[in-house]
Amino acid sequence: MTLAEIAQRIGCDVHGDGSVVIESVAPIESAQPGQLTFLAHPRYAHFVATTGAAAIIIGRNTPAPAIPALLADDPYRAFAKALALFYRPPEFFAGVHPTAVIAASARIAPGAMIGPYAVIGARTTIGAGARIASHVVIAEDVAIGDHFTAHSFVSIRERTRIGHNVSLQSGVKIGGDGFGYTLGDDGGIMKIPQIGRVVIEDDVEIGANTTIDRAAIGETIVRRSAKIDNLVMIAHGCEIGSGAMLAAQVGLSGSTKIGQYVRMGGQVGCAGHLSIGDGAQIAAQSGVPNDVAAGSTVGGYPAVDMRVWRRISAALPRLPELFRRLRRIERHLDLAGE
Amino acid sequence: MTLAEIAQRIGCDVHGDGSVVIESVAPIESAQPGQLTFLAHPRYAHFVATTGAAAIIIGRNTPAPAIPALLADDPYRAFAKALALFYRPPEFFAGVHPTAVIAASARIAPGAMIGPYAVIGARTTIGAGARIASHVVIAEDVAIGDHFTAHSFVSIRERTRIGHNVSLQSGVKIGGDGFGYTLGDDGGIMKIPQIGRVVIEDDVEIGANTTIDRAAIGETIVRRSAKIDNLVMIAHGCEIGSGAMLAAQVGLSGSTKIGQYVRMGGQVGCAGHLSIGDGAQIAAQSGVPNDVAAGSTVGGYPAVDMRVWRRISAALPRLPELFRRLRRIERHLDLAGE
Amino acid sequence: MTLAEIAQRIGCDVHGDGSVVIESVAPIESAQPGQLTFLAHPRYAHFVATTGAAAIIIGRNTPAPAIPALLADDPYRAFAKALALFYRPPEFFAGVHPTAVIAASARIAPGAMIGPYAVIGARTTIGAGARIASHVVIAEDVAIGDHFTAHSFVSIRERTRIGHNVSLQSGVKIGGDGFGYTLGDDGGIMKIPQIGRVVIEDDVEIGANTTIDRAAIGETIVRRSAKIDNLVMIAHGCEIGSGAMLAAQVGLSGSTKIGQYVRMGGQVGCAGHLSIGDGAQIAAQSGVPNDVAAGSTVGGYPAVDMRVWRRISAALPRLPELFRRLRRIERHLDLAGE
């Protein structure tokens with residue numbers, strides 16, 4: 001593909017020789033001849049002069065480089081579009097593999113790709129365009145929309161509801177029992193039956209080995225366009241707002257509600273029964289014990305307003321110094337230390 | 001089922017019309033006609049007047065609601081019992097699926113339900129009433145008691161011992177190699193062979209994608225009635241006391257011993273070779289570097305007595321203020337700051 | 001095996017009766033007659049007098065015990081070698097199980113052990129001595145070296161490169177999509193195609209349910225002899241240095257580079273695009289927001305020099321006291337508090 005063709009397909013302007021042939025894309029620091037790269041962050045600007053790339057995507061205000069370039073309003077978005085031109089999707093089995101165990105009462109739209117050793121339960125329905133890898137287990141009474149993608153070792157338990165265009169990476173576990181116990185009449189531990197289900201709306205993507213438990217009663221809900229990274233834990237009865245983004249290893253305790261477009265960094269933990277308002281941002285590894293207001297940015301353990309957490313973080317290393325200075329004052333004033 | 005029938009089966013008294021028919025159960029804020037709900041936490045008391053539920057389980061001292069009610073000594077426990085009346089268990093394959101690969105020397109009690117593509121190794125024994133989903137792999141020389149339940153993608157490695165009434169959610173991995181290395185004679189990294197095993201006692205339940213490593217030597221032990229949530233890591237040589245409850249994403253380093261009825265919140269991390277005393281409680285996301293005394297409650301990073309941690313947490317946001325006040329005093333006293 | 005034979009095979013000197021027969025090995029506190037134990041840490045020295053073991057491995061300077069002993073320069077290393085004498089490897093299927101689904105174009109060196117229900121994709125190559133358990137899925141265009149071991153439910157996605165002597169515990173997921181999104185032209189969330197791959201060099205071992213995502217572009221790399229524990233998250237574009245050791249539940253954000261022989265405790269989290277220098281050590285549960293210099297030891301949240309973090313940790317519980325002392329001084333000086 002020539003640079004000019006790429007420009008046309010992703011909506012950029014060409015600076016320099018548009019006839020250069022691009023075979024693949026690469027990071028700026030390792031790009032070679034024949035490769036297209038990009039500059040989206042000033043941190044990497046010093047590589048522009050030295051990159052081996054054949055061409056580069058840059059912002060319209062970036063100084064013109066020596067190599068051919070594509071000028072974009074948003075070079076990162078333009079690069080994402082360029083990547084799509086070179087993306088080679090994984091191979092799914094064409095048709096239904098003879099080893100797939102599909103219940104007679106399951107209804108799967110024609111044209112589905114279903115790999116070896118997949119298991120699909122009774123009365124489950126799956127929409128058009130499904131791509132189901134080998135070793136995917138979908139239990140009974142599940143309803144799944146169109147354009148569903150599941151990689152190997154995905155488990156979807158009974159009665160789950162899944163919308164359109166949902167994509168699950170390997171090892172995702174949806175609909176397992178929530179973690180609910182109380183004391184029984186005999187004083188022993190009594191399991192609370194988990195009779196609810198999981199609902200996943202359209203355009204949701206979920207990362208490898210993430211677990212989403214069914215509700216004790218009612219529903220655990222992941223709303224439209226939410227994106228969830230690997231090894232995340234979503235406990236029973238949670239609700240994840242539309243467009244929310246949860247980075248890897250986030251853990252939500254039971255019944256916590258995450259608003260729309262909330263962003264959580266990796267390893268954030270939230271207590272149960274919380275409400276995290278729309279658009280809130282939570283810094284990585286924060287521990288959130290209380291509700292978070294819409295639009296706010298919090299961080300720390302326990303989490304507080306991010307500006308406060310930054311000041312705390314800066315002050316913490318000086319804590320030992322504080323004691324020394326206090327002692328000096330006490331000595332100066334002839335006040336005995338405690 | 002009528003409300004009066006439910007009352008009889010779960011041991012409650014009826015207040016109001018016992019003839020109302022209950023079809024399912026639901027949370028108080030979303031319950032509809034035909035549904036039974038409950039009030040166990042004052043936080044939700046304001047929903048009693050507005051709930052759409054047909055009936056409600058309440059404590060004996062709660063003011064009588066307008067709708068029919070079940071009066072319980074412990075409304076949460078009563079609700080758990082009511083849930084059991086409406087619980088529909090997942091479907092397991094009736095009998096042994098023809099695709100299950102079972103070693104000739106394995107001994108499995110009659111009546112087991114074993115799903116498609118399960119694999120059971122040589123000399124392994126499984127007790128009565130087993131429910132083994134599709135894609136469960138149990139290696140050789142494993143011994144499992146009665147009433148065992150394993151969901152898809154559970155892996156149980158060689159020589160594991162499992163008691164009665166044990167239940168494993170999808171993706172649990174038991175008996176993998178512990179993480180043990182030392183320096184070899186050549187100065188390189190040398191793996192320490194992990195020759196021990198995992199022992200799981202009766203009535204244990206383990207959540208999705210949790211991993212429990214075998215001991216380097218001896219045993220990693222999970223004692224009777226311990227409950228372990230999703231994505232928990234139990235390292236080689238740990239011992240989990242009976243009745244202990246570990247919330248999601250807890251991580252225990254090697255050889256740590258957790259006492260009876262210990263409770264850990266989500267994402268707690270414990271250093272290795274620790275002893276956590278009986279009945280100790282550890283707040284979510286705590287980092288525990290030292291032994292914890294029986295009966296104590298700790299929190300924080302590093303974890304300290306919970307009352308101390310609460311005071312620290314309250315004081316942290318005022319840390320920058322401390323510096324200002326200190327500087328003011330130093331100026332007042334004409335002491336140069338450090 | 002007699003103690004004298006063990007001594008010869010692991011390079012120790014015998015103290016006392018070398019004819020005693022050793023049947024297995026055990027921890028010092030639970031060892032029985034017929035068992036060999038070891039003392040590597042003074043913490044356990046008081047068990048030497050009371051252990052039921054038949055013999056013990058000790059350092060050359062340890063006082064001679066009453067029972068027969070093996071004297072070693074490094075008793076822990078000697079014990080690791082002794083464990084290897086008693087290690088019984090897991091059973092893999094001898095040959096290729098008839099249910100394995102192997103693409104016609106895959107090339108697998110003769111002698112491979114491949115278990116039931118394994119799936120191997122088109123054009124994938126696997127070297128000599130492979131041991132592949134049941135339910136392992138290796139996608140298309142993967143290249144794997146000699147002496148590869150994979151336990152059940154391992155998933156290796158398309159185009160992954162794996163060196164020699166690599167060992168993967170159950171549930172490892174390699175090559176899933178990285179977590180990359182940007183805003184599309186319509187203001188909605190747009191997925192960034194993840195077109196890169198994962199490269200794993202020789203002698204790498206990876207623990208159960210760990211996930212390693214493919215790079216968006218270029219490669220996610222795990223270099224020679226790196227050891228990764230369970231439930232670790234390695235995001236797209238990371239590079240793990242040779243000999244690095246990452247304990248359980250560590251999480252690395254995208255494009256972070258970990259130097260050679262770096263050691264991370266459990267639950268450490270690293271922000272993205274960081275550089276962690278060679279030989280750095282990071283204490284368990286630390287949150288690392290910035291680059292870490294080679295050879296340094298850091299800890300805390302946010303992570304700072306370990307000595308500073310120790311002082312902070314010691315000072316934190318006295319934070320409330322600070323406020324009291326400050327108030328006393330202010331009162332003494334007749335300065336109004338803030």
# chains A, B, ... in the order shown; residues from 1 in each chain; ligands from 1
$ residues_around --residues "range 93-105 of chain B" --least-positions-apart "3" --cutoff "8 Å" --atoms "only C-alpha atoms" --output "VMD selection string"
(chain B and resid 111 to 124 133) or (chain C and resid 116)
$ residues_around --residues "Glu239 in chain A" --least-positions-apart "5" --cutoff "12 Å" --atoms "only C-alpha atoms" --output "ChimeraX atom specification"
/A:198-201,212-215,218-224,226,234,244,252-260,262,272-277
$ select_by_dssp --residues "range 240-276 of chain B" --states "strand (DSSP E or B)" --output "PyMOL selection string"
chain B and resi 240+245-246+251-252+257-258+263-264+269-270+275-276
$ residues_around --residues "range 161-167 of chain A" --least-positions-apart "3" --cutoff "6 Å" --atoms "only C-alpha atoms" --output "ChimeraX atom specification"
/A:142-150,199-205
$ interface_residues --of "chain B" --to "chain C" --cutoff "6 Å" --atoms "only C-alpha atoms" --output "ChimeraX atom specification"
/B:192-193,195,217-218
$ residues_around --residues "Arg159 in chain A" --least-positions-apart "5" --cutoff "7 Å" --atoms "only C-alpha atoms" --output "PDB file with N, CA and C atoms, in the first residue's frame"
ATOM      1  N   GLU A 140     -26.670 -23.261  29.649  1.00  0.00           N
ATOM      2  CA  GLU A 140     -28.055 -23.263  29.179  1.00  0.00           C
ATOM      3  C   GLU A 140     -28.727 -21.905  29.425  1.00  0.00           C
ATOM      4  N   ASP A 141     -29.730 -21.638  28.582  1.00  0.00           N
ATOM      5  CA  ASP A 141     -30.580 -20.453  28.754  1.00  0.00           C
ATOM      6  C   ASP A 141     -29.821 -19.142  28.656  1.00  0.00           C
ATOM      7  N   VAL A 142     -28.751 -19.140  27.909  1.00  0.00           N
ATOM      8  CA  VAL A 142     -27.997 -17.907  27.662  1.00  0.00           C
ATOM      9  C   VAL A 142     -28.534 -17.273  26.377  1.00  0.00           C
ATOM     10  N   ARG A 197     -28.341 -13.149  37.798  1.00  0.00           N
ATOM     11  CA  ARG A 197     -27.637 -13.424  36.545  1.00  0.00           C
ATOM     12  C   ARG A 197     -26.740 -12.241  36.183  1.00  0.00           C
TER      13      ARG A 197
END
$ residues_around --residues "Ala66 in chain A" --least-positions-apart "4" --cutoff "12 Å" --atoms "only C-alpha atoms" --output "list in words"
His15, Gly16, Asp17, Val48, Ala49, Thr50, Thr51, Gly52, Ala53, Ala54, Ala55 and Ile56 of chain A
$ write_last_selection --atoms "N, CA and C atoms" --output "PDB file, in the first residue's frame"
ATOM      1  N   HIS A  15       2.455  14.738   3.309  1.00  0.00           N
ATOM      2  CA  HIS A  15       3.572  15.676   3.211  1.00  0.00           C
ATOM      3  C   HIS A  15       4.753  14.897   2.629  1.00  0.00           C
ATOM      4  N   GLY A  16       5.276  15.348   1.482  1.00  0.00           N
ATOM      5  CA  GLY A  16       6.402  14.637   0.860  1.00  0.00           C
ATOM      6  C   GLY A  16       5.926  13.581  -0.128  1.00  0.00           C
ATOM      7  N   ASP A  17       6.726  12.559  -0.294  1.00  0.00           N
ATOM      8  CA  ASP A  17       6.526  11.562  -1.354  1.00  0.00           C
ATOM      9  C   ASP A  17       5.443  10.538  -0.984  1.00  0.00           C
ATOM     10  N   VAL A  48      12.083  11.419  16.032  1.00  0.00           N
ATOM     11  CA  VAL A  48      11.648  11.746  14.666  1.00  0.00           C
ATOM     12  C   VAL A  48      12.855  11.864  13.739  1.00  0.00           C
ATOM     13  N   ALA A  49      13.916  12.477  14.233  1.00  0.00           N
ATOM     14  CA  ALA A  49      15.086  12.711  13.374  1.00  0.00           C
ATOM     15  C   ALA A  49      15.838  11.422  13.052  1.00  0.00           C
ATOM     16  N   THR A  50      15.704  10.424  13.923  1.00  0.00           N
ATOM     17  CA  THR A  50      16.545   9.231  13.786  1.00  0.00           C
ATOM     18  C   THR A  50      15.775   7.976  13.404  1.00  0.00           C
ATOM     19  N   THR A  51      14.449   8.023  13.395  1.00  0.00           N
ATOM     20  CA  THR A  51      13.691   6.807  13.126  1.00  0.00           C
ATOM     21  C   THR A  51      14.030   6.231  11.749  1.00  0.00           C
ATOM     22  N   GLY A  52      14.055   4.921  11.678  1.00  0.00           N
ATOM     23  CA  GLY A  52      14.295   4.262  10.399  1.00  0.00           C
ATOM     24  C   GLY A  52      13.042   4.109   9.562  1.00  0.00           C
ATOM     25  N   ALA A  53      11.917   4.627  10.046  1.00  0.00           N
ATOM     26  CA  ALA A  53      10.641   4.448   9.356  1.00  0.00           C
ATOM     27  C   ALA A  53      10.662   5.085   7.963  1.00  0.00           C
ATOM     28  N   ALA A  54       9.827   4.532   7.089  1.00  0.00           N
ATOM     29  CA  ALA A  54       9.680   5.102   5.753  1.00  0.00           C
ATOM     30  C   ALA A  54       8.822   6.352   5.786  1.00  0.00           C
ATOM     31  N   ALA A  55       7.925   6.427   6.764  1.00  0.00           N
ATOM     32  CA  ALA A  55       7.014   7.566   6.859  1.00  0.00           C
ATOM     33  C   ALA A  55       6.466   7.640   8.273  1.00  0.00           C
ATOM     34  N   ILE A  56       5.887   8.804   8.596  1.00  0.00           N
ATOM     35  CA  ILE A  56       5.418   9.018   9.971  1.00  0.00           C
ATOM     36  C   ILE A  56       4.112   9.796   9.975  1.00  0.00           C
TER      37      ILE A  56
END
$ atom_distance --atom1 "CA of Ala271 in chain A" --atom2 "CA of Asn290 in chain A"
7.3 Å
$ closest_residue --among "C:Arg307, C:Arg131, C:Arg263, C:Arg43" --to "Ala280 in chain C" --atoms "only C-alpha atoms"
C:Arg263
$ residues_around --residues "Arg60 in chain A" --least-positions-apart "6" --cutoff "9 Å" --atoms "only C-alpha atoms" --output "PyMOL selection string"
chain A and resi 70-75
$ select_by_dssp --residues "range 44-215 of chain B" --states "helix (DSSP H, G or I)" --output "count of residues only"
16
$ atom_distance --atom1 "CA of Val137 in chain A" --atom2 "CA of Ile156 in chain B"
18.5 Å
$ residues_around --residues "Gly180 in chain B" --least-positions-apart "5" --cutoff "9 Å" --atoms "only C-alpha atoms" --output "PyMOL selection string"
chain B and resi 190-194+216+236
$ atom_distance --atom1 "CA of Ala69 in chain B" --atom2 "CA of Ala7 in chain B"
9.5 Å
